[in-house]
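Data block for model-v3.cif (mmCIF, C-alpha atoms):
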data_target
loop_
_atom_site.label_atom_id
_atom_site.label_comp_id
_atom_site.auth_asym_id
_atom_site.auth_seq_id
_atom_site.Cartn_x
_atom_site.Cartn_y
_atom_site.Cartn_z
CA MET A 1 121.17 87.02 134.98
CA ALA A 2 119.44 90.36 135.49
CA GLY A 3 117.00 92.13 137.78
CA ILE A 4 113.98 94.40 137.75
CA TYR A 5 113.50 97.36 140.08
CA ILE A 6 110.01 98.84 140.59
CA HIS A 7 109.81 102.31 142.12
CA ILE A 8 106.66 102.92 144.18
CA PRO A 9 106.59 106.71 144.67
CA TYR A 10 104.33 107.08 147.72
CA CYS A 11 104.93 107.57 151.45
CA LYS A 12 102.67 108.04 154.43
CA GLN A 13 104.68 111.09 155.49
CA ALA A 14 107.96 112.78 154.59
CA CYS A 15 110.98 111.81 156.69
CA TYR A 16 113.07 114.89 157.45
CA TYR A 17 116.26 113.46 155.88
CA CYS A 18 114.94 111.81 152.70
CA ASP A 19 115.39 113.22 149.19
CA PHE A 20 114.10 110.21 147.22
CA HIS A 21 111.21 110.79 144.80
CA PHE A 22 107.83 110.25 146.47
CA SER A 23 104.41 111.81 147.10
CA THR A 24 102.37 111.79 150.32
CA SER A 25 99.16 111.90 148.24
CA LYS A 26 98.01 108.51 146.99
CA ALA A 27 95.36 109.92 144.66
CA THR A 28 97.22 108.66 141.59
CA LEU A 29 98.11 105.24 143.04
CA PRO A 30 95.60 103.10 141.04
CA ALA A 31 96.64 104.83 137.81
CA MET A 32 100.31 104.41 138.80
CA ILE A 33 99.96 100.63 139.14
CA GLU A 34 98.40 100.47 135.67
CA ALA A 35 101.18 102.67 134.29
CA ILE A 36 103.93 100.53 135.86
CA CYS A 37 102.42 97.41 134.27
CA LYS A 38 102.19 99.23 130.93
CA GLU A 39 105.82 100.32 131.21
CA LEU A 40 106.87 96.73 131.89
CA ASN A 41 105.26 95.86 128.54
CA LEU A 42 106.83 98.83 126.77
CA GLN A 43 110.27 97.89 128.14
CA LYS A 44 109.97 94.12 127.84
CA ASP A 45 112.91 93.98 125.40
CA TYR A 46 115.16 96.44 127.27
CA LEU A 47 117.40 93.81 128.85
CA PRO A 48 119.86 92.53 126.21
CA GLY A 49 119.39 88.90 125.29
CA LYS A 50 116.21 88.53 127.38
CA PRO A 51 118.10 87.00 130.34
CA SER A 52 116.45 85.18 133.22
CA LEU A 53 115.65 87.37 136.19
CA GLN A 54 117.48 86.56 139.41
CA SER A 55 115.90 89.41 141.38
CA ILE A 56 112.80 91.61 141.59
CA TYR A 57 112.93 94.59 143.93
CA PHE A 58 110.04 96.78 145.06
CA GLY A 59 111.60 100.06 146.25
CA GLY A 60 110.46 103.59 146.87
CA GLY A 61 108.93 105.46 148.47
CA THR A 62 107.15 102.91 150.58
CA PRO A 63 106.12 99.79 148.61
CA SER A 64 104.50 98.29 151.72
CA LEU A 65 101.70 100.84 151.26
CA LEU A 66 100.52 98.77 148.28
CA SER A 67 97.72 96.28 148.70
CA PRO A 68 98.57 92.61 148.07
CA ALA A 69 96.36 92.82 144.97
CA HIS A 70 98.51 95.61 143.51
CA ILE A 71 101.73 93.69 144.21
CA GLU A 72 100.23 90.59 142.63
CA GLN A 73 99.21 92.58 139.55
CA ILE A 74 102.78 93.81 139.04
CA LEU A 75 104.33 90.39 139.70
CA ASN A 76 101.92 88.66 137.29
CA THR A 77 102.87 91.17 134.59
CA ILE A 78 106.57 90.44 135.15
CA TYR A 79 105.99 86.66 135.04
CA LYS A 80 104.13 86.99 131.73
CA LEU A 81 106.93 89.01 130.13
CA HIS A 82 110.11 87.46 131.58
CA ARG A 83 111.68 84.19 132.61
CA VAL A 84 112.11 84.32 136.38
CA GLU A 85 114.50 81.96 138.13
CA THR A 86 112.75 79.56 140.49
CA ASN A 87 114.95 80.73 143.37
CA ALA A 88 114.81 84.43 142.41
CA GLU A 89 115.09 86.95 145.23
CA ILE A 90 111.89 89.04 145.45
CA THR A 91 112.34 91.95 147.83
CA LEU A 92 109.84 94.41 149.26
CA GLU A 93 110.96 97.53 151.09
CA ALA A 94 108.62 98.06 154.03
CA ASN A 95 107.94 100.33 156.96
CA PRO A 96 107.16 98.64 160.30
CA ASP A 97 103.75 100.29 160.68
CA ASP A 98 102.54 98.62 157.46
CA LEU A 99 103.53 95.07 158.44
CA THR A 100 100.46 93.63 160.13
CA ALA A 101 100.17 89.87 160.60
CA ASP A 102 97.65 89.64 157.75
CA LYS A 103 99.81 91.76 155.42
CA LEU A 104 102.88 89.63 156.13
CA GLN A 105 100.95 86.44 155.46
CA ALA A 106 99.68 87.83 152.15
CA LEU A 107 103.16 88.95 151.10
CA HIS A 108 104.62 85.54 151.87
CA ARG A 109 101.86 83.87 149.85
CA LEU A 110 102.64 86.12 146.86
CA GLY A 111 106.25 84.94 146.83
CA ILE A 112 107.93 87.92 148.48
CA ASN A 113 110.93 86.16 150.06
CA ARG A 114 112.99 89.09 151.31
CA LEU A 115 111.91 92.08 153.39
CA SER A 116 113.96 95.25 153.72
CA ILE A 117 112.46 97.00 156.75
CA GLY A 118 113.15 100.70 157.24
CA ILE A 119 113.64 100.92 160.99
CA GLN A 120 116.39 103.60 161.29
CA SER A 121 116.29 103.49 165.12
CA PHE A 122 114.76 101.47 167.95
CA GLN A 123 114.35 104.59 170.13
CA ASP A 124 111.16 106.63 170.03
CA ASP A 125 112.67 110.08 170.51
CA ILE A 126 115.14 109.47 167.67
CA LEU A 127 112.35 108.23 165.40
CA GLN A 128 110.39 111.40 166.17
CA LYS A 129 113.49 113.49 165.42
CA LEU A 130 113.67 111.84 161.98
CA HIS A 131 109.87 112.17 161.52
CA ARG A 132 109.35 108.46 161.08
CA ALA A 133 105.77 107.15 161.15
CA HIS A 134 106.41 104.12 163.36
CA SER A 135 107.32 103.54 167.00
CA ALA A 136 110.15 101.50 168.48
CA ARG A 137 107.64 98.87 169.59
CA GLN A 138 106.24 98.58 166.05
CA ALA A 139 109.77 98.15 164.69
CA ILE A 140 110.52 95.24 167.00
CA GLU A 141 107.13 93.61 166.46
CA ALA A 142 107.41 93.91 162.66
CA VAL A 143 110.67 91.95 162.63
CA GLN A 144 109.40 89.32 165.06
CA GLN A 145 106.12 88.84 163.19
CA ALA A 146 107.93 88.53 159.88
CA GLN A 147 110.17 85.84 161.39
CA ASP A 148 107.13 84.04 162.81
CA ARG A 149 105.50 83.99 159.36
CA GLY A 150 108.43 82.31 157.66
CA PHE A 151 110.52 85.15 156.27
CA GLN A 152 114.09 83.87 156.42
CA ARG A 153 115.70 86.81 154.59
CA ILE A 154 115.11 90.00 156.56
CA SER A 155 117.19 93.15 156.26
CA ILE A 156 116.80 96.18 158.49
CA ASP A 157 117.94 99.74 157.78
CA LEU A 158 119.57 101.83 160.50
CA ILE A 159 120.95 105.38 160.51
CA TYR A 160 123.93 106.72 162.47
CA GLY A 161 125.58 110.12 162.55
CA ILE A 162 122.25 111.70 163.50
CA PRO A 163 122.75 115.22 164.91
CA GLY A 164 122.53 115.20 168.69
CA VAL A 165 122.57 111.40 169.02
CA SER A 166 125.52 110.10 171.06
CA THR A 167 127.61 107.04 170.30
CA SER A 168 126.21 105.33 173.41
CA ARG A 169 122.68 105.76 172.02
CA TRP A 170 123.87 104.36 168.68
CA ALA A 171 125.31 101.37 170.53
CA GLN A 172 121.83 100.63 171.89
CA ASP A 173 120.40 100.43 168.36
CA ILE A 174 123.17 98.07 167.26
CA ALA A 175 122.56 95.85 170.30
CA LYS A 176 118.81 95.68 169.60
CA ALA A 177 119.42 94.81 165.94
CA LEU A 178 121.69 91.93 166.94
CA GLU A 179 119.22 90.78 169.57
CA LEU A 180 116.55 90.40 166.87
CA GLN A 181 118.80 87.98 164.94
CA VAL A 182 118.20 89.33 161.45
CA GLY A 183 120.51 88.18 158.65
CA HIS A 184 121.23 91.51 157.01
CA ILE A 185 121.78 95.06 158.30
CA SER A 186 122.15 98.17 156.15
CA ALA A 187 123.50 101.12 158.14
CA TYR A 188 123.87 104.56 156.61
CA CYS A 189 125.59 107.66 157.91
CA LEU A 190 123.07 110.48 157.75
CA THR A 191 123.85 113.14 155.18
CA ILE A 192 121.97 116.41 155.14
CA GLU A 193 120.49 116.81 151.65
CA GLU A 194 119.62 120.26 150.38
CA LYS A 195 115.98 119.68 149.40
CA THR A 196 114.86 118.15 152.71
CA VAL A 197 113.56 119.48 156.02
CA PHE A 198 116.99 118.85 157.57
CA GLY A 199 118.55 120.68 154.63
CA ARG A 200 116.37 123.73 155.17
CA TRP A 201 117.07 123.68 158.92
CA TYR A 202 120.80 123.51 158.20
CA GLN A 203 120.62 126.50 155.86
CA LYS A 204 118.84 128.48 158.59
CA GLY A 205 121.36 127.45 161.24
CA LYS A 206 118.77 125.38 163.15
CA LEU A 207 120.60 122.06 162.66
CA MET A 208 124.29 121.22 162.69
CA PRO A 209 125.57 117.97 161.16
CA THR A 210 127.38 115.43 163.29
CA ASP A 211 131.12 116.13 163.28
CA ASP A 212 133.36 113.78 161.28
CA ALA A 213 135.09 112.36 164.37
CA THR A 214 131.80 111.28 165.97
CA ALA A 215 130.50 109.82 162.71
CA ALA A 216 133.75 107.84 162.31
CA GLU A 217 133.52 106.65 165.91
CA GLN A 218 129.97 105.41 165.30
CA MET A 219 130.99 103.69 162.06
CA ALA A 220 133.89 101.99 163.83
CA LEU A 221 131.56 100.73 166.56
CA LEU A 222 129.17 99.42 163.92
CA ILE A 223 131.87 97.50 162.06
CA GLU A 224 133.42 96.07 165.23
CA SER A 225 130.05 95.01 166.68
CA LEU A 226 128.65 93.40 163.54
CA GLN A 227 131.83 91.64 162.49
CA GLY A 228 132.15 90.37 166.06
CA ALA A 229 128.68 88.86 165.67
CA GLY A 230 129.65 87.03 162.47
CA PHE A 231 128.47 89.55 159.89
CA ILE A 232 130.46 90.08 156.69
CA HIS A 233 131.08 93.73 155.80
CA TYR A 234 130.51 93.21 152.07
CA GLU A 235 129.72 96.81 151.06
CA ILE A 236 130.46 100.10 152.82
CA SER A 237 126.93 100.34 154.25
CA ASN A 238 125.89 96.67 154.16
CA PHE A 239 126.54 93.73 156.47
CA ALA A 240 125.23 90.19 156.15
CA LEU A 241 125.55 86.79 157.72
CA PRO A 242 126.92 84.12 155.35
CA GLY A 243 124.36 83.33 152.64
CA GLN A 244 122.34 86.49 153.34
CA PHE A 245 123.87 88.99 150.90
CA ALA A 246 121.28 91.13 149.09
CA LEU A 247 121.26 89.62 145.60
CA HIS A 248 119.57 92.54 143.85
CA ASN A 249 121.76 95.28 145.30
CA SER A 250 124.86 93.16 144.71
CA SER A 251 123.95 93.07 141.01
CA TYR A 252 124.25 96.88 140.93
CA TRP A 253 127.72 96.73 142.46
CA LYS A 254 128.76 93.96 140.07
CA GLN A 255 127.62 95.95 137.01
CA LEU A 256 124.94 93.45 135.97
CA PRO A 257 122.09 94.75 133.77
CA TYR A 258 118.76 95.71 135.31
CA LEU A 259 115.51 97.34 134.28
CA GLY A 260 114.07 100.12 136.43
CA VAL A 261 110.35 100.82 136.14
CA GLY A 262 108.31 103.69 137.59
CA PRO A 263 108.94 107.43 138.02
CA SER A 264 112.60 108.30 138.78
CA ALA A 265 113.72 104.68 138.21
CA HIS A 266 117.12 104.05 136.60
CA SER A 267 118.07 101.24 134.21
CA TYR A 268 121.36 99.83 132.92
CA ASP A 269 121.80 97.58 129.88
CA GLY A 270 125.57 97.18 129.94
CA SER A 271 126.34 100.03 127.56
CA SER A 272 123.98 102.83 128.56
CA ARG A 273 121.91 104.15 131.44
CA GLN A 274 118.31 105.30 131.35
CA PHE A 275 116.57 107.66 133.80
CA ASN A 276 112.79 107.94 134.08
CA ILE A 277 111.18 111.31 134.78
CA ALA A 278 110.69 112.04 138.50
CA ASN A 279 107.12 113.34 138.23
CA ASN A 280 104.15 111.08 138.94
CA SER A 281 101.53 112.83 136.79
CA LEU A 282 103.82 113.33 133.80
CA TYR A 283 105.04 109.74 134.09
CA ILE A 284 101.47 108.35 134.02
CA LYS A 285 100.46 110.65 131.15
CA SER A 286 103.47 109.64 129.03
CA ILE A 287 103.06 105.92 129.66
CA ASP A 288 99.34 106.13 128.82
CA ALA A 289 100.40 107.65 125.50
CA GLY A 290 102.70 104.68 124.90
CA LYS A 291 106.00 106.46 125.51
CA VAL A 292 108.55 105.79 128.26
CA PRO A 293 109.49 109.24 129.66
CA ALA A 294 113.20 108.55 130.00
CA GLN A 295 116.54 110.09 129.15
CA ARG A 296 119.24 107.80 127.83
CA GLU A 297 122.96 108.22 128.39
CA GLU A 298 125.47 106.22 126.35
CA LEU A 299 128.50 105.43 128.50
CA SER A 300 131.93 106.37 127.21
CA PRO A 301 134.98 104.20 128.03
CA LEU A 302 135.83 106.73 130.74
CA ASP A 303 132.30 106.47 132.17
CA HIS A 304 132.69 102.70 132.32
CA ALA A 305 136.00 103.00 134.15
CA ASN A 306 134.68 105.47 136.71
CA GLU A 307 131.59 103.35 137.32
CA LEU A 308 133.73 100.27 137.87
CA LEU A 309 135.61 102.24 140.53
CA LEU A 310 132.45 103.65 142.10
CA THR A 311 130.61 100.34 142.39
CA GLY A 312 133.45 97.88 142.89
CA LEU A 313 135.67 99.70 145.33
CA ARG A 314 132.90 99.96 147.92
CA THR A 315 132.58 96.16 148.09
CA LEU A 316 134.61 93.21 149.34
CA TRP A 317 134.90 92.03 145.70
CA GLY A 318 136.89 95.12 144.85
CA CYS A 319 137.68 96.37 141.38
CA SER A 320 139.52 94.53 138.62
CA LEU A 321 142.54 96.52 137.49
CA SER A 322 142.69 94.78 134.11
CA SER A 323 139.02 95.67 133.52
CA LEU A 324 139.78 99.28 134.38
CA LYS A 325 142.82 99.40 132.12
CA GLN A 326 140.90 98.33 129.01
CA TYR A 327 138.78 101.50 129.20
CA LEU A 328 141.65 103.97 129.69
CA THR A 329 144.30 105.58 127.55
CA SER A 330 147.95 105.08 128.56
CA LEU A 331 148.03 108.58 130.06
CA GLN A 332 144.82 108.03 132.04
CA TRP A 333 146.07 104.67 133.27
CA ASN A 334 149.37 106.16 134.44
CA VAL A 335 147.57 108.96 136.32
CA LEU A 336 145.30 106.42 138.01
CA CYS A 337 148.20 104.16 138.98
CA LYS A 338 149.99 107.05 140.67
CA GLU A 339 146.91 107.86 142.75
CA ILE A 340 146.42 104.20 143.65
CA GLU A 341 150.04 103.89 144.72
CA ARG A 342 149.76 107.00 146.91
CA TYR A 343 146.78 105.58 148.79
CA ARG A 344 148.40 102.13 148.95
CA VAL A 345 151.50 103.55 150.63
CA GLU A 346 149.31 105.49 153.07
CA GLY A 347 147.49 102.25 153.98
CA TYR A 348 144.07 103.03 152.49
CA LEU A 349 144.16 100.78 149.41
CA GLN A 350 145.49 97.30 148.76
CA VAL A 351 146.23 95.48 145.51
CA GLU A 352 146.10 91.70 145.35
CA ASN A 353 145.84 89.40 142.31
CA ASP A 354 144.73 92.18 139.94
CA THR A 355 142.08 93.37 142.43
CA LEU A 356 141.96 96.81 144.03
CA ARG A 357 140.27 97.04 147.42
CA LEU A 358 139.86 99.46 150.28
CA THR A 359 141.71 98.52 153.45
CA PRO A 360 139.76 98.65 156.74
CA GLN A 361 141.17 102.15 157.25
CA GLY A 362 140.23 103.13 153.71
CA LYS A 363 136.54 102.44 154.33
CA PHE A 364 136.39 105.48 156.59
CA ILE A 365 137.42 107.85 153.79
CA ALA A 366 135.95 105.94 150.83
CA ASP A 367 134.22 108.96 149.32
CA SER A 368 137.36 111.11 149.26
CA ILE A 369 139.41 108.23 147.83
CA LEU A 370 136.88 107.69 145.04
CA GLU A 371 136.82 111.40 144.29
CA SER A 372 140.61 111.37 143.91
CA LEU A 373 140.62 108.26 141.72
CA PHE A 374 137.93 109.42 139.31
CA ILE A 375 139.47 110.29 135.98
CA VAL A 376 138.40 113.30 133.95
CA GLU A 377 139.12 113.89 130.27
#
Rewrite the structure from the file as structure tokens, please.
Amino acid sequence: MAGIYIHIPYCKQACYYCDFHFSTSKATLPAMIEAICKELNLQKDYLPGKPSLQSIYFGGGTPSLLSPAHIEQILNTIYKLHRVETNAEITLEANPDDLTADKLQALHRLGINRLSIGIQSFQDDILQKLHRAHSARQAIEAVQQAQDRGFQRISIDLIYGIPGVSTSRWAQDIAKALELQVGHISAYCLTIEEKTVFGRWYQKGKLMPTDDATAAEQMALLIESLQGAGFIHYEISNFALPGQFALHNSSYWKQLPYLGVGPSAHSYDGSSRQFNIANNSLYIKSIDAGKVPAQREELSPLDHANELLLTGLRTLWGCSLSSLKQYLTSLQWNVLCKEIERYRVEGYLQVENDTLRLTPQGKFIADSILESLFIVE
């Protein structure tokens, strides 16, 4: 099984916290769709063994800016080049302001069976603070209309740890998300990235990040509230009701191969990673010339081990110790075991049946644990 990711590098406006690759000018959009379809042809043999596809994921950027005709063009190209499982998960990332009743009906007809809706907050002043294009009312209506039109797999994105936003305000967003009865919630702690509006404000002293104690308090409230409502905390930032796990994203965490198409898209074939250029014009020009503008990185045994830690430890599936050991020298393995034991004694890691997992307490310091466990030559 494998998946395909399509990066759509356009947004209506720039959110103040986002450092993903996108453009607010859609002048190159028609040429981009053609280029993406050409790249799919150029990369048709990238996935080893030509496996069946279990997932197709339109990410970005804002894929919901595309017309149904453009989405259909890309999907038809994929169907011509690959075997797609009959029950494959086909996800579209969307912003609430794009999801009209007609658009939702068209998406459903095209076979899109999972929506990932970027809501971030259900409160207008917070949305304005983040420079989101939609209102709280549009966020609620987008979810309800999607449910009314037969979408049974809906995920919503939320953000906590927003500077100046109290835990009581965050509690209101959690309550509204639960009230809407969606099956999947992705909640991310805001990080201030250097090349963003928030990053520039921070450098000038105009914005201070949320302190660690408040961010931890908001994360704790999130976990307690969602688990109390029956959600499974299956990845640090992802919660789902039974049967609602995100299949495509889970394939990343499980180290399954995938093809990434479009500018800035990443791919993984099991032994190497590939990174497309993050420039729309240069991407289109290169693809038109018949060349995929990508850098390739062969993974060393140490790379494999560190990636197993990075992807596995953040999930409920954990990380196989025997899989880790096969990539490491005796010295590297002994160093890793000492670090694992230290965190196990402190109550942040647990080992059970060859599987290494974070404890509930460990989830709050996952990044620092991973940084300590990573092995360098």
Hits of the PyMOL selection byres ((chain A and resi 143) around 10) in this structure, as a list in words: Pro96, Leu99, Leu115, Ile117, Ile119, Gln138, Ala139, Ile140, Glu141, Ala142, Gln144, Gln145, Ala146, Gln147, Asp148, Phe151, Ile154, Ser155, Ile156, Ala177, Leu180, Gln181 and Val182 of chain A
Each residue of region 9-102 of chain A with at least one atom at most 7 Å from region 236-249 of chain A should appear once, together with its nearest atom pair and the corresponding distance in Å (one decimal); atoms considered: all atoms listed in the file; ordering: chain, then increasing residue number; output as JSON lines.
{"residue": "A:Ser55", "atom": "CA", "partner": "A:His248", "partner_atom": "CA", "distance": 5.4}
{"residue": "A:Tyr57", "atom": "CA", "partner": "A:His248", "partner_atom": "CA", "distance": 6.9}
{"residue": "A:Glu89", "atom": "CA", "partner": "A:Leu247", "partner_atom": "CA", "distance": 6.7}
Proximity to His82 (chain A) - best of A:Gln361, A:Gln54, A:Ser300, A:Gln255, all atoms listed in the file: A:Gln54
Proximity to Leu226 (chain A) - best of A:Glu307, A:Glu346, A:Asp269, A:Glu179, all atoms listed in the file: A:Glu179
Resolved residues for the PyMOL selection byres ((chain A and resi 285) around 12) as a count of residues only: 24
Non-local contacts of Gly270 (chain A) (12 Å; only C-alpha atoms; under 3 positions in same chain excluded) as a ChimeraX atom specification: /A:2,46-49,251-252,254-259,267,273-274,297-301,303-304,307-308
Protein, DNA and RNA residues within 6 Å of (106.1, 112.2, 148.4), all atoms listed in the file, as number ranges by chain: A: 10-11, 22-24
Between CA of Gly3 (chain A) and CA of Ser52 (chain A) - distance in Å to one decimal: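 Taking CA of Ser52 (chain A) as the start and CA of Gly3 (chain A) as the end point, the length is 8.3 Å.
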For the file shown, what are the residues hit by the PyMOL selection byres ((chain A and resi 121) around 12), laid out as an mmCIF file with C-alpha atoms, in the frame of the given file?
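Ended up saving to expr-v3.cif:
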data_model
loop_
_atom_site.group_PDB
_atom_site.id
_atom_site.type_symbol
_atom_site.label_atom_id
_atom_site.label_comp_id
_atom_site.auth_asym_id
_atom_site.auth_seq_id
_atom_site.Cartn_x
_atom_site.Cartn_y
_atom_site.Cartn_z
ATOM 1 C CA PRO A 96 107.160 98.640 160.300
ATOM 2 C CA ILE A 117 112.460 97.000 156.750
ATOM 3 C CA GLY A 118 113.150 100.700 157.240
ATOM 4 C CA ILE A 119 113.640 100.920 160.990
ATOM 5 C CA GLN A 120 116.390 103.600 161.290
ATOM 6 C CA PHE A 122 114.760 101.470 167.950
ATOM 7 C CA GLN A 123 114.350 104.590 170.130
ATOM 8 C CA ASP A 124 111.160 106.630 170.030
ATOM 9 C CA ASP A 125 112.670 110.080 170.510
ATOM 10 C CA ILE A 126 115.140 109.470 167.670
ATOM 11 C CA LEU A 127 112.350 108.230 165.400
ATOM 12 C CA GLN A 128 110.390 111.400 166.170
ATOM 13 C CA LYS A 129 113.490 113.490 165.420
ATOM 14 C CA LEU A 130 113.670 111.840 161.980
ATOM 15 C CA HIS A 131 109.870 112.170 161.520
ATOM 16 C CA ARG A 132 109.350 108.460 161.080
ATOM 17 C CA ALA A 133 105.770 107.150 161.150
ATOM 18 C CA HIS A 134 106.410 104.120 163.360
ATOM 19 C CA SER A 135 107.320 103.540 167.000
ATOM 20 C CA ALA A 136 110.150 101.500 168.480
ATOM 21 C CA ARG A 137 107.640 98.870 169.590
ATOM 22 C CA GLN A 138 106.240 98.580 166.050
ATOM 23 C CA ALA A 139 109.770 98.150 164.690
ATOM 24 C CA ILE A 140 110.520 95.240 167.000
ATOM 25 C CA ILE A 156 116.800 96.180 158.490
ATOM 26 C CA ASP A 157 117.940 99.740 157.780
ATOM 27 C CA LEU A 158 119.570 101.830 160.500
ATOM 28 C CA ILE A 159 120.950 105.380 160.510
ATOM 29 C CA TYR A 160 123.930 106.720 162.470
ATOM 30 C CA GLY A 161 125.580 110.120 162.550
ATOM 31 C CA ILE A 162 122.250 111.700 163.500
ATOM 32 C CA VAL A 165 122.570 111.400 169.020
ATOM 33 C CA ARG A 169 122.680 105.760 172.020
ATOM 34 C CA TRP A 170 123.870 104.360 168.680
ATOM 35 C CA ALA A 171 125.310 101.370 170.530
ATOM 36 C CA GLN A 172 121.830 100.630 171.890
ATOM 37 C CA ASP A 173 120.400 100.430 168.360
ATOM 38 C CA ILE A 174 123.170 98.070 167.260
ATOM 39 C CA ALA A 175 122.560 95.850 170.300
ATOM 40 C CA LYS A 176 118.810 95.680 169.600
ATOM 41 C CA ALA A 177 119.420 94.810 165.940
ATOM 42 C CA SER A 186 122.150 98.170 156.150
ATOM 43 C CA ALA A 187 123.500 101.120 158.140
ATOM 44 C CA TYR A 188 123.870 104.560 156.610
#
Which of A:Ile232, A:Leu178, A:Leu328, A:Gln218 sits closest to Leu190 (chain A) [using only C-alpha atoms]: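 With only C-alpha atoms as the atom set, the closest residue is A:Gln218.
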Rebuild region 83-98 of chain A to N, CA, C and O atoms - output it as a PDB file, in the frame of the given file, please.
ATOM      1  N   ARG A  83     111.349  85.431 131.907  1.00  0.00           N
ATOM      2  CA  ARG A  83     111.680  84.190 132.610  1.00  0.00           C
ATOM      3  C   ARG A  83     112.239  84.574 133.979  1.00  0.00           C
ATOM      4  O   ARG A  83     113.187  85.365 134.066  1.00  0.00           O
ATOM      5  N   VAL A  84     111.665  84.027 135.022  1.00  0.00           N
ATOM      6  CA  VAL A  84     112.110  84.320 136.380  1.00  0.00           C
ATOM      7  C   VAL A  84     112.658  83.047 137.002  1.00  0.00           C
ATOM      8  O   VAL A  84     111.999  82.004 136.981  1.00  0.00           O
ATOM      9  N   GLU A  85     113.883  83.125 137.494  1.00  0.00           N
ATOM     10  CA  GLU A  85     114.500  81.960 138.130  1.00  0.00           C
ATOM     11  C   GLU A  85     113.627  81.446 139.276  1.00  0.00           C
ATOM     12  O   GLU A  85     113.000  82.235 139.990  1.00  0.00           O
ATOM     13  N   THR A  86     113.611  80.140 139.447  1.00  0.00           N
ATOM     14  CA  THR A  86     112.750  79.560 140.490  1.00  0.00           C
ATOM     15  C   THR A  86     113.176  80.000 141.891  1.00  0.00           C
ATOM     16  O   THR A  86     112.349  80.091 142.792  1.00  0.00           O
ATOM     17  N   ASN A  87     114.452  80.288 142.061  1.00  0.00           N
ATOM     18  CA  ASN A  87     114.950  80.730 143.370  1.00  0.00           C
ATOM     19  C   ASN A  87     115.238  82.232 143.384  1.00  0.00           C
ATOM     20  O   ASN A  87     116.066  82.701 144.161  1.00  0.00           O
ATOM     21  N   ALA A  88     114.559  82.986 142.508  1.00  0.00           N
ATOM     22  CA  ALA A  88     114.810  84.430 142.410  1.00  0.00           C
ATOM     23  C   ALA A  88     114.512  85.118 143.739  1.00  0.00           C
ATOM     24  O   ALA A  88     113.596  84.734 144.470  1.00  0.00           O
ATOM     25  N   GLU A  89     115.313  86.146 144.035  1.00  0.00           N
ATOM     26  CA  GLU A  89     115.090  86.950 145.230  1.00  0.00           C
ATOM     27  C   GLU A  89     114.054  88.021 144.899  1.00  0.00           C
ATOM     28  O   GLU A  89     114.238  88.815 143.973  1.00  0.00           O
ATOM     29  N   ILE A  90     112.956  88.047 145.656  1.00  0.00           N
ATOM     30  CA  ILE A  90     111.890  89.040 145.450  1.00  0.00           C
ATOM     31  C   ILE A  90     111.765  89.845 146.729  1.00  0.00           C
ATOM     32  O   ILE A  90     111.304  89.348 147.759  1.00  0.00           O
ATOM     33  N   THR A  91     112.216  91.096 146.649  1.00  0.00           N
ATOM     34  CA  THR A  91     112.340  91.950 147.830  1.00  0.00           C
ATOM     35  C   THR A  91     111.262  93.018 147.857  1.00  0.00           C
ATOM     36  O   THR A  91     110.918  93.597 146.821  1.00  0.00           O
ATOM     37  N   LEU A  92     110.753  93.291 149.054  1.00  0.00           N
ATOM     38  CA  LEU A  92     109.840  94.410 149.260  1.00  0.00           C
ATOM     39  C   LEU A  92     110.398  95.294 150.364  1.00  0.00           C
ATOM     40  O   LEU A  92     110.644  94.822 151.480  1.00  0.00           O
ATOM     41  N   GLU A  93     110.633  96.572 150.038  1.00  0.00           N
ATOM     42  CA  GLU A  93     110.960  97.530 151.090  1.00  0.00           C
ATOM     43  C   GLU A  93     109.685  97.821 151.875  1.00  0.00           C
ATOM     44  O   GLU A  93     108.606  97.974 151.288  1.00  0.00           O
ATOM     45  N   ALA A  94     109.810  97.906 153.199  1.00  0.00           N
ATOM     46  CA  ALA A  94     108.620  98.060 154.030  1.00  0.00           C
ATOM     47  C   ALA A  94     108.905  98.929 155.240  1.00  0.00           C
ATOM     48  O   ALA A  94     110.026  98.950 155.751  1.00  0.00           O
ATOM     49  N   ASN A  95     107.879  99.624 155.691  1.00  0.00           N
ATOM     50  CA  ASN A  95     107.940 100.330 156.960  1.00  0.00           C
ATOM     51  C   ASN A  95     107.237  99.489 158.028  1.00  0.00           C
ATOM     52  O   ASN A  95     106.225  98.829 157.733  1.00  0.00           O
ATOM     53  N   PRO A  96     107.728  99.506 159.250  1.00  0.00           N
ATOM     54  CA  PRO A  96     107.160  98.640 160.300  1.00  0.00           C
ATOM     55  C   PRO A  96     105.664  98.811 160.513  1.00  0.00           C
ATOM     56  O   PRO A  96     104.952  97.828 160.768  1.00  0.00           O
ATOM     57  N   ASP A  97     105.165 100.043 160.412  1.00  0.00           N
ATOM     58  CA  ASP A  97     103.750 100.290 160.680  1.00  0.00           C
ATOM     59  C   ASP A  97     102.822  99.699 159.630  1.00  0.00           C
ATOM     60  O   ASP A  97     101.610  99.625 159.846  1.00  0.00           O
ATOM     61  N   ASP A  98     103.354  99.263 158.498  1.00  0.00           N
ATOM     62  CA  ASP A  98     102.540  98.620 157.460  1.00  0.00           C
ATOM     63  C   ASP A  98     102.475  97.100 157.616  1.00  0.00           C
ATOM     64  O   ASP A  98     101.636  96.451 156.983  1.00  0.00           O
TER      65      ASP A  98
END
